[in-house]
$ cat structure-v5.pdb   # PDB, C-alpha atoms
ATOM      1  CA  TYR A   1      18.429 -18.807 -29.858
ATOM      2  CA  ASN A   2      20.493 -20.942 -32.196
ATOM      3  CA  SER A   3      21.433 -19.253 -35.468
ATOM      4  CA  GLU A   4      21.302 -22.597 -37.274
ATOM      5  CA  ASN A   5      17.520 -22.662 -36.760
ATOM      6  CA  SER A   6      17.279 -19.763 -39.221
ATOM      7  CA  LEU A   7      19.464 -21.365 -41.904
ATOM      8  CA  ILE A   8      17.575 -23.465 -44.438
ATOM      9  CA  ASP A   9      20.555 -25.695 -45.265
ATOM     10  CA  LYS A  10      20.915 -26.601 -41.571
ATOM     11  CA  ILE A  11      17.194 -27.278 -41.195
ATOM     12  CA  LEU A  12      17.226 -29.620 -44.172
ATOM     13  CA  GLY A  13      20.429 -31.215 -42.924
ATOM     14  CA  ASP A  14      21.170 -32.890 -39.648
ATOM     15  CA  SER A  15      19.306 -30.636 -37.209
ATOM     16  CA  ARG A  16      15.778 -30.943 -38.702
ATOM     17  CA  LYS A  17      14.825 -28.071 -36.382
ATOM     18  CA  GLY A  18      13.851 -24.493 -37.072
ATOM     19  CA  ILE A  19      11.954 -21.439 -35.917
ATOM     20  CA  PRO A  20       8.417 -20.647 -37.170
ATOM     21  CA  ILE A  21       9.495 -18.578 -40.173
ATOM     22  CA  SER A  22      12.217 -20.926 -41.414
ATOM     23  CA  LEU A  23       9.922 -23.964 -41.093
ATOM     24  CA  ALA A  24       7.161 -22.030 -42.870
ATOM     25  CA  VAL A  25       9.515 -21.270 -45.768
ATOM     26  CA  VAL A  26      10.258 -24.964 -46.179
ATOM     27  CA  TYR A  27       6.560 -25.883 -45.895
ATOM     28  CA  GLY A  28       5.546 -23.181 -48.391
ATOM     29  CA  ALA A  29       8.161 -24.257 -50.927
ATOM     30  CA  VAL A  30       6.980 -27.876 -50.774
ATOM     31  CA  GLY A  31       3.266 -27.008 -50.614
ATOM     32  CA  ARG A  32       3.300 -24.734 -53.638
ATOM     33  CA  ARG A  33       5.072 -27.387 -55.674
ATOM     34  CA  ALA A  34       2.309 -29.768 -54.638
ATOM     35  CA  GLY A  35      -0.331 -27.324 -55.897
ATOM     36  CA  LEU A  36      -1.561 -26.051 -52.527
ATOM     37  CA  PRO A  37      -2.662 -22.378 -52.221
ATOM     38  CA  ILE A  38      -0.027 -21.530 -49.603
ATOM     39  CA  ARG A  39       0.242 -17.935 -48.397
ATOM     40  CA  MET A  40       3.055 -16.762 -46.110
ATOM     41  CA  ILE A  41       1.672 -14.716 -43.218
ATOM     42  CA  ASN A  42       4.129 -12.313 -41.573
ATOM     43  CA  ALA A  43       2.253 -12.251 -38.269
ATOM     44  CA  PRO A  44       4.060 -10.426 -35.429
ATOM     45  CA  GLY A  45       5.825 -12.746 -33.029
ATOM     46  CA  HIS A  46       4.865 -16.017 -34.746
ATOM     47  CA  PHE A  47       5.138 -16.644 -38.497
ATOM     48  CA  VAL A  48       2.428 -18.920 -39.951
ATOM     49  CA  VAL A  49       1.091 -20.005 -43.335
ATOM     50  CA  SER A  50      -2.492 -19.851 -44.536
ATOM     51  CA  LEU A  51      -4.592 -22.235 -46.590
ATOM     52  CA  GLY A  52      -7.136 -19.838 -48.073
ATOM     53  CA  ASN A  53      -8.391 -16.795 -46.176
ATOM     54  CA  LYS A  54      -9.773 -18.271 -42.948
ATOM     55  CA  LEU A  55      -7.558 -21.206 -42.087
ATOM     56  CA  PHE A  56      -4.011 -20.962 -40.824
ATOM     57  CA  MET A  57      -1.358 -23.582 -40.202
ATOM     58  CA  ASP A  58       1.184 -23.346 -37.400
ATOM     59  CA  VAL A  59       4.122 -25.254 -38.889
ATOM     60  CA  PHE A  60       6.139 -24.772 -35.688
ATOM     61  CA  GLU A  61       3.478 -26.735 -33.796
ATOM     62  CA  GLY A  62       3.664 -29.659 -36.191
ATOM     63  CA  GLY A  63       1.094 -28.366 -38.666
ATOM     64  CA  LYS A  64      -1.602 -27.432 -36.159
ATOM     65  CA  LEU A  65      -4.576 -25.741 -37.862
ATOM     66  CA  ARG A  66      -5.831 -22.439 -36.435
ATOM     67  CA  THR A  67      -8.781 -20.192 -37.200
ATOM     68  CA  MET A  68      -8.460 -16.391 -37.210
ATOM     69  CA  GLU A  69      -9.802 -16.330 -33.660
ATOM     70  CA  GLY A  70      -7.359 -18.989 -32.570
ATOM     71  CA  LEU A  71      -4.447 -17.130 -34.168
ATOM     72  CA  VAL A  72      -5.428 -13.896 -32.418
ATOM     73  CA  SER A  73      -5.589 -15.656 -29.058
ATOM     74  CA  LEU A  74      -2.124 -17.122 -29.714
ATOM     75  CA  LEU A  75      -0.511 -13.815 -30.652
ATOM     76  CA  GLN A  76      -2.129 -11.477 -28.116
ATOM     77  CA  PRO A  77      -0.022 -12.807 -25.176
ATOM     78  CA  LEU A  78       3.036 -11.949 -27.297
ATOM     79  CA  GLY A  79       2.032  -8.279 -27.185
ATOM     80  CA  SER A  80       0.120  -8.021 -30.475
ATOM     81  CA  ASP A  81      -3.394  -6.554 -30.543
ATOM     82  CA  GLU A  82      -6.019  -7.639 -33.060
ATOM     83  CA  ARG A  83      -5.663  -4.535 -35.228
ATOM     84  CA  LYS A  84      -1.915  -5.060 -35.535
ATOM     85  CA  ILE A  85      -2.443  -8.738 -36.293
ATOM     86  CA  ASN A  86      -4.948  -7.958 -39.061
ATOM     87  CA  LYS A  87      -2.405  -5.613 -40.635
ATOM     88  CA  PHE A  88      -0.056  -8.544 -41.168
ATOM     89  CA  MET A  89      -2.653 -10.983 -42.462
ATOM     90  CA  ARG A  90      -1.839 -10.229 -46.091
ATOM     91  CA  CYS A  91       0.581 -12.467 -47.970
ATOM     92  CA  ALA A  92       4.204 -11.609 -47.162
ATOM     93  CA  SER A  93       6.498 -10.764 -50.071
ATOM     94  CA  PRO A  94       9.822 -12.586 -50.582
ATOM     95  CA  SER A  95      11.733  -9.450 -49.529
ATOM     96  CA  GLU A  96       9.706  -9.197 -46.288
ATOM     97  CA  ILE A  97      10.419 -12.850 -45.515
ATOM     98  CA  ASN A  98      14.134 -12.447 -46.221
ATOM     99  CA  LEU A  99      14.295  -9.292 -44.110
ATOM    100  CA  ARG A 100      12.620 -11.019 -41.154
ATOM    101  CA  LEU A 101      15.015 -13.959 -41.408
ATOM    102  CA  CYS A 102      17.925 -11.521 -41.461
ATOM    103  CA  MET A 103      16.581  -9.537 -38.502
ATOM    104  CA  ASN A 104      16.301 -12.738 -36.460
ATOM    105  CA  LEU A 105      19.967 -13.433 -37.150
ATOM    106  CA  VAL A 106      20.899  -9.824 -36.408
ATOM    107  CA  HIS A 107      19.363 -10.125 -32.926
ATOM    108  CA  ILE A 108      21.007 -13.506 -32.307
ATOM    109  CA  PHE A 109      24.498 -12.392 -33.322
ATOM    110  CA  ALA A 110      24.144  -9.025 -31.553
ATOM    111  CA  ASP A 111      23.089 -10.695 -28.287
ATOM    112  CA  SER A 112      26.008 -13.140 -28.497
ATOM    113  CA  ARG A 113      28.389 -10.345 -29.597
ATOM    114  CA  ASP A 114      29.461 -12.387 -32.613
ATOM    115  CA  TYR A 115      30.434  -9.327 -34.656
ATOM    116  CA  ASP A 116      32.224 -11.295 -37.381
ATOM    117  CA  SER A 117      28.920 -13.014 -38.210
ATOM    118  CA  LEU A 118      26.779  -9.944 -37.502
ATOM    119  CA  LEU A 119      28.372  -7.585 -40.014
ATOM    120  CA  PRO A 120      27.651  -9.594 -43.215
ATOM    121  CA  ILE A 121      24.057 -10.271 -42.070
ATOM    122  CA  ILE A 122      23.466  -6.543 -41.539
ATOM    123  CA  ARG A 123      24.897  -5.838 -44.985
ATOM    124  CA  LEU A 124      22.585  -8.455 -46.490
ATOM    125  CA  ALA A 125      19.549  -6.988 -44.704
ATOM    126  CA  MET A 126      20.481  -3.488 -45.870
ATOM    127  CA  THR A 127      20.326  -4.624 -49.494
ATOM    128  CA  ILE A 128      16.608  -5.169 -48.800
ATOM    129  CA  ARG A 129      15.993  -2.094 -46.623
ATOM    130  CA  PRO A 130      18.933   0.286 -47.042
ATOM    131  CA  ASN A 131      17.265   3.045 -44.972
ATOM    132  CA  HIS A 132      16.102   0.874 -42.069
ATOM    133  CA  PRO A 133      17.081   2.936 -38.977
ATOM    134  CA  ASP A 134      17.740  -0.037 -36.681
ATOM    135  CA  LEU A 135      19.995  -1.635 -39.293
ATOM    136  CA  ILE A 136      21.948   1.562 -39.949
ATOM    137  CA  ILE A 137      22.583   2.070 -36.239
ATOM    138  CA  GLN A 138      23.591  -1.570 -35.745
ATOM    139  CA  TYR A 139      25.881  -1.285 -38.770
ATOM    140  CA  ALA A 140      27.524   1.831 -37.335
ATOM    141  CA  LYS A 141      28.023   0.182 -33.942
ATOM    142  CA  VAL A 142      29.620  -2.918 -35.462
ATOM    143  CA  GLN A 143      31.926  -0.852 -37.664
ATOM    144  CA  ALA A 144      32.998   1.045 -34.557
ATOM    145  CA  MET A 145      33.723  -2.277 -32.844
ATOM    146  CA  PHE A 146      36.094  -3.011 -35.723
ATOM    147  CA  GLU A 147      37.629   0.476 -35.245
ATOM    148  CA  GLU A 148      36.192   1.686 -38.567
ATOM    149  CA  TYR A 149      35.060   4.943 -37.029
ATOM    150  CA  ASP A 150      34.841   6.931 -40.263
ATOM    151  CA  ILE A 151      32.404   4.386 -41.742
ATOM    152  CA  ALA A 152      30.342   4.452 -38.545
ATOM    153  CA  ILE A 153      30.201   8.257 -38.504
ATOM    154  CA  GLU A 154      29.339   8.417 -42.215
ATOM    155  CA  SER A 155      26.487   5.909 -41.766
ATOM    156  CA  LEU A 156      24.966   7.861 -38.877
ATOM    157  CA  GLY A 157      25.331  11.074 -40.851
ATOM    158  CA  ARG A 158      23.329   9.489 -43.677
ATOM    159  CA  LEU A 159      20.641   8.359 -41.225
ATOM    160  CA  GLU A 160      20.438  11.834 -39.684
ATOM    161  CA  LYS A 161      19.999  13.320 -43.161
ATOM    162  CA  ILE A 162      17.245  10.819 -44.014
ATOM    163  CA  ALA A 163      15.487  11.518 -40.723
ATOM    164  CA  GLY A 164      15.632  15.239 -41.359
ATOM    165  CA  GLU A 165      14.160  14.896 -44.849
ATOM    166  CA  THR A 166      11.410  12.361 -44.003
ATOM    167  CA  ARG A 167       8.675  13.170 -41.494
ATOM    168  CA  GLY A 168       7.726  10.372 -39.149
ATOM    169  CA  PHE A 169      10.891   8.447 -39.913
ATOM    170  CA  CYS A 170      11.447   6.806 -36.533
ATOM    171  CA  SER A 171      12.056   3.377 -35.037
ATOM    172  CA  ASN A 172      10.349   1.836 -32.049
ATOM    173  CA  ILE A 173      13.637   1.787 -30.138
ATOM    174  CA  PHE A 174      13.612   5.593 -30.019
ATOM    175  CA  SER A 175      11.247   7.688 -27.929
ATOM    176  CA  THR A 176      12.803  10.986 -29.028
ATOM    177  CA  ASN A 177      13.961  12.454 -32.295
ATOM    178  CA  ILE A 178      16.189  10.050 -34.205
ATOM    179  CA  ALA A 179      18.449  12.838 -35.426
ATOM    180  CA  ASP A 180      19.384  13.694 -31.834
ATOM    181  CA  HIS A 181      20.386  10.093 -31.207
ATOM    182  CA  CYS A 182      22.523  10.109 -34.351
ATOM    183  CA  ARG A 183      24.346  13.241 -33.215
ATOM    184  CA  ARG A 184      25.044  11.711 -29.801
ATOM    185  CA  PHE A 185      26.400   8.543 -31.398
ATOM    186  CA  VAL A 186      28.564  10.589 -33.779
ATOM    187  CA  GLN A 187      30.030  12.604 -30.907
ATOM    188  CA  HIS A 188      30.788   9.394 -29.034
ATOM    189  CA  PHE A 189      32.466   7.796 -32.057
ATOM    190  CA  GLN A 190      34.486  10.942 -32.756
ATOM    191  CA  MET A 191      35.809  10.943 -29.202
ATOM    192  CA  THR A 192      36.526   7.202 -29.342
ATOM    193  CA  LYS A 193      38.322   7.648 -32.662
ATOM    194  CA  MET A 194      40.516  10.376 -31.189
ATOM    195  CA  LEU A 195      41.513   8.135 -28.271
ATOM    196  CA  TYR A 196      42.130   5.252 -30.691
ATOM    197  CA  LEU A 197      44.426   7.367 -32.863
ATOM    198  CA  LYS A 198      46.415   8.421 -29.835
ATOM    199  CA  GLN A 199      46.807   4.821 -28.727
ATOM    200  CA  CYS A 200      48.094   3.975 -32.200
ATOM    201  CA  THR A 201      51.096   6.190 -31.569
ATOM    202  CA  LEU A 202      52.035   3.759 -28.805
ATOM    203  CA  ARG A 203      51.340   0.382 -30.316
ATOM    204  CA  ARG A 204      52.015   0.944 -34.018
ATOM    205  CA  TYR A 205      54.723   3.554 -34.428
ATOM    206  CA  ARG A 206      57.517   1.894 -32.520
ATOM    207  CA  PRO A 207      57.216  -1.908 -32.379
ATOM    208  CA  LYS A 208      58.338  -3.859 -29.362
ATOM    209  CA  GLY A 209      61.663  -5.656 -29.456
ATOM    210  CA  GLY A 210      64.090  -2.753 -29.454
ATOM    211  CA  GLN A 211      65.144  -2.724 -33.133
ATOM    212  CA  ILE A 212      63.243   0.479 -33.947
ATOM    213  CA  LEU A 213      64.583   3.105 -31.567
ATOM    214  CA  PHE A 214      62.556   6.145 -32.673
ATOM    215  CA  ARG A 215      58.864   6.857 -33.167
ATOM    216  CA  VAL A 216      56.884   8.523 -35.908
ATOM    217  CA  GLY A 217      56.345  12.105 -34.796
ATOM    218  CA  GLN A 218      59.615  12.508 -32.897
ATOM    219  CA  ILE A 219      61.753  15.550 -33.677
ATOM    220  CA  ILE A 220      65.316  14.439 -34.335
ATOM    221  CA  ASN A 221      68.760  15.713 -35.291
ATOM    222  CA  HIS A 222      70.991  14.243 -37.978
ATOM    223  CA  LYS A 223      74.273  13.435 -36.231
ATOM    224  CA  ARG A 224      76.434  13.947 -39.298
ATOM    225  CA  TYR A 225      74.797  16.850 -41.141
ATOM    226  CA  ASN A 226      73.366  18.589 -38.060
ATOM    227  CA  TYR A 227      69.907  19.342 -39.443
ATOM    228  CA  ARG A 228      66.665  18.762 -37.551
ATOM    229  CA  GLY A 229      63.397  17.260 -38.722
ATOM    230  CA  VAL A 230      60.410  15.103 -37.807
ATOM    231  CA  ILE A 231      60.036  11.364 -38.508
ATOM    232  CA  TYR A 232      56.974  10.484 -40.603
ATOM    233  CA  GLY A 233      57.765   6.863 -41.420
ATOM    234  CA  TRP A 234      60.343   4.098 -41.154
ATOM    235  CA  ASP A 235      61.455   0.822 -42.719
ATOM    236  CA  PRO A 236      63.040  -2.056 -40.741
ATOM    237  CA  LYS A 237      65.888  -1.990 -43.276
ATOM    238  CA  CYS A 238      66.882   0.182 -46.223
ATOM    239  CA  GLU A 239      64.263  -0.150 -48.979
ATOM    240  CA  ALA A 240      65.859   2.273 -51.427
ATOM    241  CA  GLY A 241      67.081   1.159 -54.853
ATOM    242  CA  GLU A 242      70.609  -0.113 -55.442
ATOM    243  CA  LYS A 243      71.617   3.058 -57.302
ATOM    244  CA  TRP A 244      70.643   5.290 -54.354
ATOM    245  CA  ILE A 245      72.349   2.912 -51.884
ATOM    246  CA  GLU A 246      75.560   3.123 -53.904
ATOM    247  CA  GLN A 247      75.411   6.922 -54.312
ATOM    248  CA  MET A 248      74.798   7.495 -50.597
ATOM    249  CA  GLY A 249      77.429   5.000 -49.447
ATOM    250  CA  VAL A 250      74.945   3.054 -47.360
ATOM    251  CA  ASP A 251      77.062  -0.107 -47.314
ATOM    252  CA  GLU A 252      79.945   1.920 -45.846
ATOM    253  CA  LEU A 253      77.918   2.737 -42.728
ATOM    254  CA  HIS A 254      78.735   0.798 -39.584
ATOM    255  CA  ASP A 255      75.402  -1.080 -39.654
ATOM    256  CA  GLY A 256      74.988  -0.916 -43.430
ATOM    257  CA  ARG A 257      71.672  -1.383 -45.154
ATOM    258  CA  ASP A 258      70.221  -3.854 -42.628
ATOM    259  CA  GLN A 259      69.502  -1.239 -39.951
ATOM    260  CA  PRO A 260      66.215   0.719 -39.717
ATOM    261  CA  PHE A 261      65.870   3.765 -41.989
ATOM    262  CA  TYR A 262      63.641   6.744 -41.186
ATOM    263  CA  LYS A 263      61.695   9.088 -43.459
ATOM    264  CA  VAL A 264      62.274  12.612 -42.203
ATOM    265  CA  LEU A 265      60.725  15.980 -43.059
ATOM    266  CA  VAL A 266      63.639  18.400 -42.742
ATOM    267  CA  ASP A 267      63.171  21.809 -41.104
ATOM    268  CA  CYS A 268      63.157  24.388 -43.900
ATOM    269  CA  ARG A 269      65.384  26.648 -41.796
ATOM    270  CA  ASP A 270      68.116  24.014 -42.147
ATOM    271  CA  ARG A 271      67.405  22.778 -45.656
ATOM    272  CA  ASN A 272      64.904  24.040 -48.213
ATOM    273  CA  THR A 273      61.757  21.835 -48.399
ATOM    274  CA  GLN A 274      63.498  18.501 -48.265
ATOM    275  CA  SER A 275      62.571  14.992 -47.214
ATOM    276  CA  THR A 276      65.401  12.615 -46.352
ATOM    277  CA  TYR A 277      65.917   8.918 -45.712
ATOM    278  CA  VAL A 278      68.178   8.505 -42.688
ATOM    279  CA  ALA A 279      69.973   5.481 -41.250
ATOM    280  CA  GLN A 280      69.234   4.851 -37.583
ATOM    281  CA  GLU A 281      72.902   5.242 -36.593
ATOM    282  CA  ASN A 282      72.733   8.859 -37.829
ATOM    283  CA  VAL A 283      69.635   9.759 -35.783
ATOM    284  CA  GLU A 284      69.481  11.301 -32.327
ATOM    285  CA  VAL A 285      66.491  12.722 -30.442
ATOM    286  CA  GLU A 286      66.248  16.509 -30.593
ATOM    287  CA  LYS A 287      67.282  18.005 -27.271
ATOM    288  CA  ASP A 288      65.882  21.324 -26.181
ATOM    289  CA  ARG A 289      69.075  23.229 -26.965
ATOM    290  CA  ARG A 290      67.188  26.463 -27.438
ATOM    291  CA  ARG A 291      65.261  26.568 -24.168
ATOM    292  CA  GLY A 292      67.690  28.885 -22.465
ATOM    293  CA  MET A 293      68.006  31.056 -25.565
ATOM    294  CA  ASN A 294      64.398  31.349 -26.669
ATOM    295  CA  GLN A 295      61.236  30.626 -24.704
ATOM    296  CA  ASN A 296      59.020  30.760 -27.815
ATOM    297  CA  ARG A 297      58.144  27.114 -28.350
ATOM    298  CA  GLY A 298      56.857  27.827 -31.856
ATOM    299  CA  LYS A 299      60.486  28.279 -32.838
ATOM    300  CA  MET A 300      61.175  24.690 -31.785
ATOM    301  CA  GLN A 301      58.606  23.182 -34.162
ATOM    302  CA  VAL A 302      59.662  21.878 -37.542
ATOM    303  CA  GLU A 303      58.872  24.175 -40.437
ATOM    304  CA  HIS A 304      57.958  22.122 -43.495
ATOM    305  CA  PRO A 305      54.928  22.402 -45.832
ATOM    306  CA  LEU A 306      54.014  18.719 -45.373
ATOM    307  CA  VAL A 307      53.869  18.704 -41.568
ATOM    308  CA  GLY A 308      50.117  19.348 -41.652
ATOM    309  CA  LYS A 309      49.599  16.466 -44.066
ATOM    310  CA  TYR A 310      50.925  13.866 -41.646
ATOM    311  CA  PHE A 311      50.391  15.323 -38.154
ATOM    312  CA  GLU A 312      47.446  16.785 -36.266
ATOM    313  CA  SER A 313      49.196  18.582 -33.402
ATOM    314  CA  TYR A 314      52.511  19.435 -31.756
ATOM    315  CA  GLN A 315      53.236  18.297 -28.217
ATOM    316  CA  TYR A 316      56.018  19.740 -26.089
ATOM    317  CA  GLU A 317      56.166  16.878 -23.591
ATOM    318  CA  SER A 318      54.531  13.484 -23.110
ATOM    319  CA  TRP A 319      54.896  10.592 -20.717
ATOM    320  CA  HIS A 320      55.650   8.153 -23.578
ATOM    321  CA  VAL A 321      57.931  10.273 -25.800
ATOM    322  CA  ASP A 322      61.090  12.007 -24.684
ATOM    323  CA  GLY A 323      60.933  15.723 -25.427
ATOM    324  CA  GLN A 324      58.917  17.407 -28.172
ATOM    325  CA  HIS A 325      57.003  15.466 -30.821
ATOM    326  CA  TYR A 326      54.077  15.541 -33.247
ATOM    327  CA  LEU A 327      50.889  13.468 -33.020
ATOM    328  CA  PRO A 328      50.194  11.511 -36.256
ATOM    329  CA  ASN A 329      46.857  12.128 -37.948
ATOM    330  CA  ALA A 330      44.449   9.776 -39.756
ATOM    331  CA  PHE A 331      46.474  10.018 -43.010
ATOM    332  CA  LEU A 332      49.352   8.107 -41.439
ATOM    333  CA  LEU A 333      47.016   5.626 -39.730
TER     334      LEU A 333
END
$ encode --input "structure-v5.pdb" --output "structure tokens"
Amino acid sequence: YNSENSLIDKILGDSRKGIPISLAVVYGAVGRRAGLPIRMINAPGHFVVSLGNKLFMDVFEGGKLRTMEGLVSLLQPLGSDERKINKFMRCASPSEINLRLCMNLVHIFADSRDYDSLLPIIRLAMTIRPNHPDLIIQYAKVQAMFEEYDIAIESLGRLEKIAGETRGFCSNIFSTNIADHCRRFVQHFQMTKMLYLKQCTLRRYRPKGGQILFRVGQIINHKRYNYRGVIYGWDPKCEAGEKWIEQMGVDELHDGRDQPFYKVLVDCRDRNTQSTYVAQENVEVEKDRRRGMNQNRGKMQVEHPLVGKYFESYQYESWHVDGQHYLPNAFLL
């Protein structure tokens, strides 16, 4: 399918082609202005218009007229029985027409994996049917594709709540309870989010190129003042004000203000509840000096009240970080 066949401006422009519903919209708009009793019929599988109660026009087939019997024979091979067809014989409302146009585009963009186009169409459709289960699930999946896992999880949580409060709330794509599907999706997204956050420690917290030598989460020592702490942020050069730079003698350092500076939570056993801003030339990775003296690894962690704000766990070793370090949490991401 071509998405342009669902867009009225394209149909009226160069293409002059459309699908049954988009052509019917154009026909209905012109016919009503001409005084014809046009009704929009939201028949399953093939949108048509009616002229009165017994006569239908297939705009897609060049304006071919069909009786009720002829319409039923056309739609039955598409999987629609007569009872289902009769249900849709009433005049479609503008919101139903807009929703069907949107759903056509949702399927087109989902099949082609055009997520940049899919997301705004889903949002538009959800303004019409905010509790539509298929739309909510598609919305959650697309948000997860954009690594917006919290939005995806929140959306599925809302759908699970709606399903629990409303009996019979189920989509054709599900053969079992919709709440169970939501929980499975949420568990999957939570696991994917955890893996994503861990990968961020590799690709975001020490850029390539060699200028930034230390990562967020590493436990370090200050070479000059001999205190230890954990890095929770950095700047590629000193971003402090001129007054602080002058007071701290930054310009007297070997590499001055143009070297990376690190934000460090200082171990309270060395200094009382302090956060410092340290030039890279004064930073060295914490070595396990205490291993031979004390086997209690809890003693090697940094004691500071803000550690839990920025980090989710402490790791003693890792293949990508020398020595002990902390794993950043979602607050830092």
$ residues_around --input "structure-v5.pdb" --residues "Val302 of chain A" --least-positions-apart "5" --cutoff "7 Å" --atoms "all atoms listed in the file" --output "ChimeraX atom specification"
/A:229-230,267
$ write_last_selection --input "structure-v5.pdb" --atoms "C-alpha atoms" --output "mmCIF file, keeping the file's coordinate frame"
data_model
loop_
_atom_site.group_PDB
_atom_site.id
_atom_site.type_symbol
_atom_site.label_atom_id
_atom_site.label_comp_id
_atom_site.auth_asym_id
_atom_site.auth_seq_id
_atom_site.Cartn_x
_atom_site.Cartn_y
_atom_site.Cartn_z
ATOM 1 C CA GLY A 229 63.397 17.260 -38.722
ATOM 2 C CA VAL A 230 60.410 15.103 -37.807
ATOM 3 C CA ASP A 267 63.171 21.809 -41.104
#
$ resolve_selection --input "structure-v5.pdb" --expression "the PyMOL selection byres ((chain A and resi 150) around 12)" --output "list in words"
Ala140, Lys141, Gln143, Ala144, Met145, Phe146, Glu147, Glu148, Tyr149, Ile151, Ala152, Ile153, Glu154, Ser155, Leu156, Gly157, Val186, Gln187, Phe189, Gln190, Met191, Thr192, Lys193, Met194 and Ala330 of chain A
$ atom_distance --input "structure-v5.pdb" --atom1 "atom CA of Val26 of chain A" --atom2 "atom CA of Arg123 of chain A"
24.1 Å
$ closest_residue --input "structure-v5.pdb" --among "A:Ile11, A:Val285, A:Ala92, A:Val266" --to "His304 of chain A" --atoms "only C-alpha atoms"
A:Val266
$ closest_residue --input "structure-v5.pdb" --among "A:Pro328, A:Tyr227, A:Gln259, A:Leu36" --to "Tyr196 of chain A" --atoms "all atoms listed in the file"
A:Pro328
$ resolve_selection --input "structure-v5.pdb" --expression "the PyMOL selection byres ((chain A and resi 59-71) around 9)" --output "JSON, numbers by chain"
{"A": [18, 19, 20, 21, 23, 24, 27, 46, 47, 48, 49, 53, 54, 55, 56, 57, 58, 72, 73, 74, 75, 76, 85]}
$ resolve_selection --input "structure-v5.pdb" --expression "the PyMOL selection byres ((chain A and resi 262) around 9)" --output "list in words"
Phe214, Val216, Ile231, Tyr232, Gly233, Trp234, Asp235, Pro236, Cys238, Pro260, Phe261, Lys263, Val264, Thr276, Tyr277, Val278, Ala279, Gln280 and Val283 of chain A
$ decode --input "structure-v5.pdb" --residues "segment 276-288 of chain A" --atoms "N, CA and C atoms" --output "short mmCIF file (atom, residue, chain, number, x, y, z; two decimals), in the first residue's frame"
data_model
loop_
_atom_site.label_atom_id
_atom_site.label_comp_id
_atom_site.auth_asym_id
_atom_site.auth_seq_id
_atom_site.Cartn_x
_atom_site.Cartn_y
_atom_site.Cartn_z
N THR A 276 32.70 17.79 44.96
CA THR A 276 33.80 18.61 44.46
C THR A 276 33.83 18.60 42.94
N TYR A 277 34.59 19.54 42.42
CA TYR A 277 34.75 19.71 40.97
C TYR A 277 36.25 19.62 40.70
N VAL A 278 36.68 18.51 40.06
CA VAL A 278 38.09 18.15 40.06
C VAL A 278 38.66 18.15 38.64
N ALA A 279 39.81 18.78 38.48
CA ALA A 279 40.50 18.78 37.19
C ALA A 279 41.01 17.37 36.89
N GLN A 280 41.00 17.01 35.63
CA GLN A 280 41.40 15.66 35.23
C GLN A 280 42.83 15.33 35.67
N GLU A 281 43.74 16.30 35.67
CA GLU A 281 45.12 16.00 36.04
C GLU A 281 45.25 15.65 37.52
N ASN A 282 44.21 15.90 38.32
CA ASN A 282 44.23 15.56 39.74
C ASN A 282 43.47 14.27 40.05
N VAL A 283 43.04 13.55 39.02
CA VAL A 283 42.23 12.35 39.21
C VAL A 283 43.04 11.11 38.89
N GLU A 284 42.90 10.09 39.73
CA GLU A 284 43.44 8.77 39.43
C GLU A 284 42.41 7.72 39.86
N VAL A 285 42.39 6.59 39.14
CA VAL A 285 41.43 5.53 39.46
C VAL A 285 41.77 4.93 40.81
N GLU A 286 40.74 4.71 41.62
CA GLU A 286 40.92 4.08 42.93
C GLU A 286 41.49 2.68 42.76
N LYS A 287 42.59 2.41 43.39
CA LYS A 287 43.16 1.06 43.41
C LYS A 287 42.72 0.37 44.69
N ASP A 288 42.64 -0.93 44.63
CA ASP A 288 42.15 -1.68 45.79
C ASP A 288 43.25 -1.78 46.83
#
